[in-house]
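Reviewing the structure listed below.
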Amino acid sequence: MKPDNFGAPPGKPVSDEERFADLLDPLWSSADDYYLVTERGQGKRFAFIAGELGRNRVTAESRWQRLKAVDDIEELLLRYGLSDMRYCRSLPEDYRLPSEPLDAKGKRVPPVRRPSP
């Protein structure tokens with residue numbers, strides 16, 4: 001069962017920033033996470049994805065487990081911005097995710113469309 005409020009009191013809406021802050025890991029970047037989620041979504045094996053990221057299979061699978069628990073993770077990562085820089089341990093207090101997905105150059109990114117299974 002997925003937590004729907006990420007530790008917030010029941011009934012209190014959870015912001016994108018609060019949802020995203022729980023995913024920050026200084027060993028990963030938003031580009032790594034996005035690659036992992038999208039490639040796994042296309043059915044690629046963890047061993048292949050891990051090799052592409054220069055990590056071991058167990059590490060990649062563990063990270064994917066954590067990411068897949070977040071609804072609309074791909075969109076959330078795009079709004080955060082894809083970067084090869086590793087995450088900080090926390091977001092600045094005044095940080096707000098942009099409402100429109102942007103790429104690394106600040107241009108709007110069209111929503112990711114996955115083929116139907």
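Identifiers in the structure tokens: chain A, B, ... in order shown; residue index from 1 per chain; ligand index from 1 in order shown.
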
Which residues are close to Leu36 (chain A), i.e. within 7 Å by only C-alpha atoms, leaving aside same-chain residues fewer than 4 positions away? Reply as a PyMOL selection string. chain A and resi 32+40+49+64

Quick one: DSSP helix (DSSP H, G or I) residues in region 19-95 of chain A, as an MDAnalysis selection string? chainID A and resid 19:21 30:41 46:53 57:68 73:80

Correct to one decimal, the distance CA of Asn56 (chain A)-CA of Thr38 (chain A) is 17.8 Å

Give me the residues within 12 Å of Trp28 (chain A) as a ChimeraX atom specification, counting only C-alpha atoms and dropping any in the same chain fewer than 6 places off. /A:34-36,53-55,59-60,63-64,67,82-89
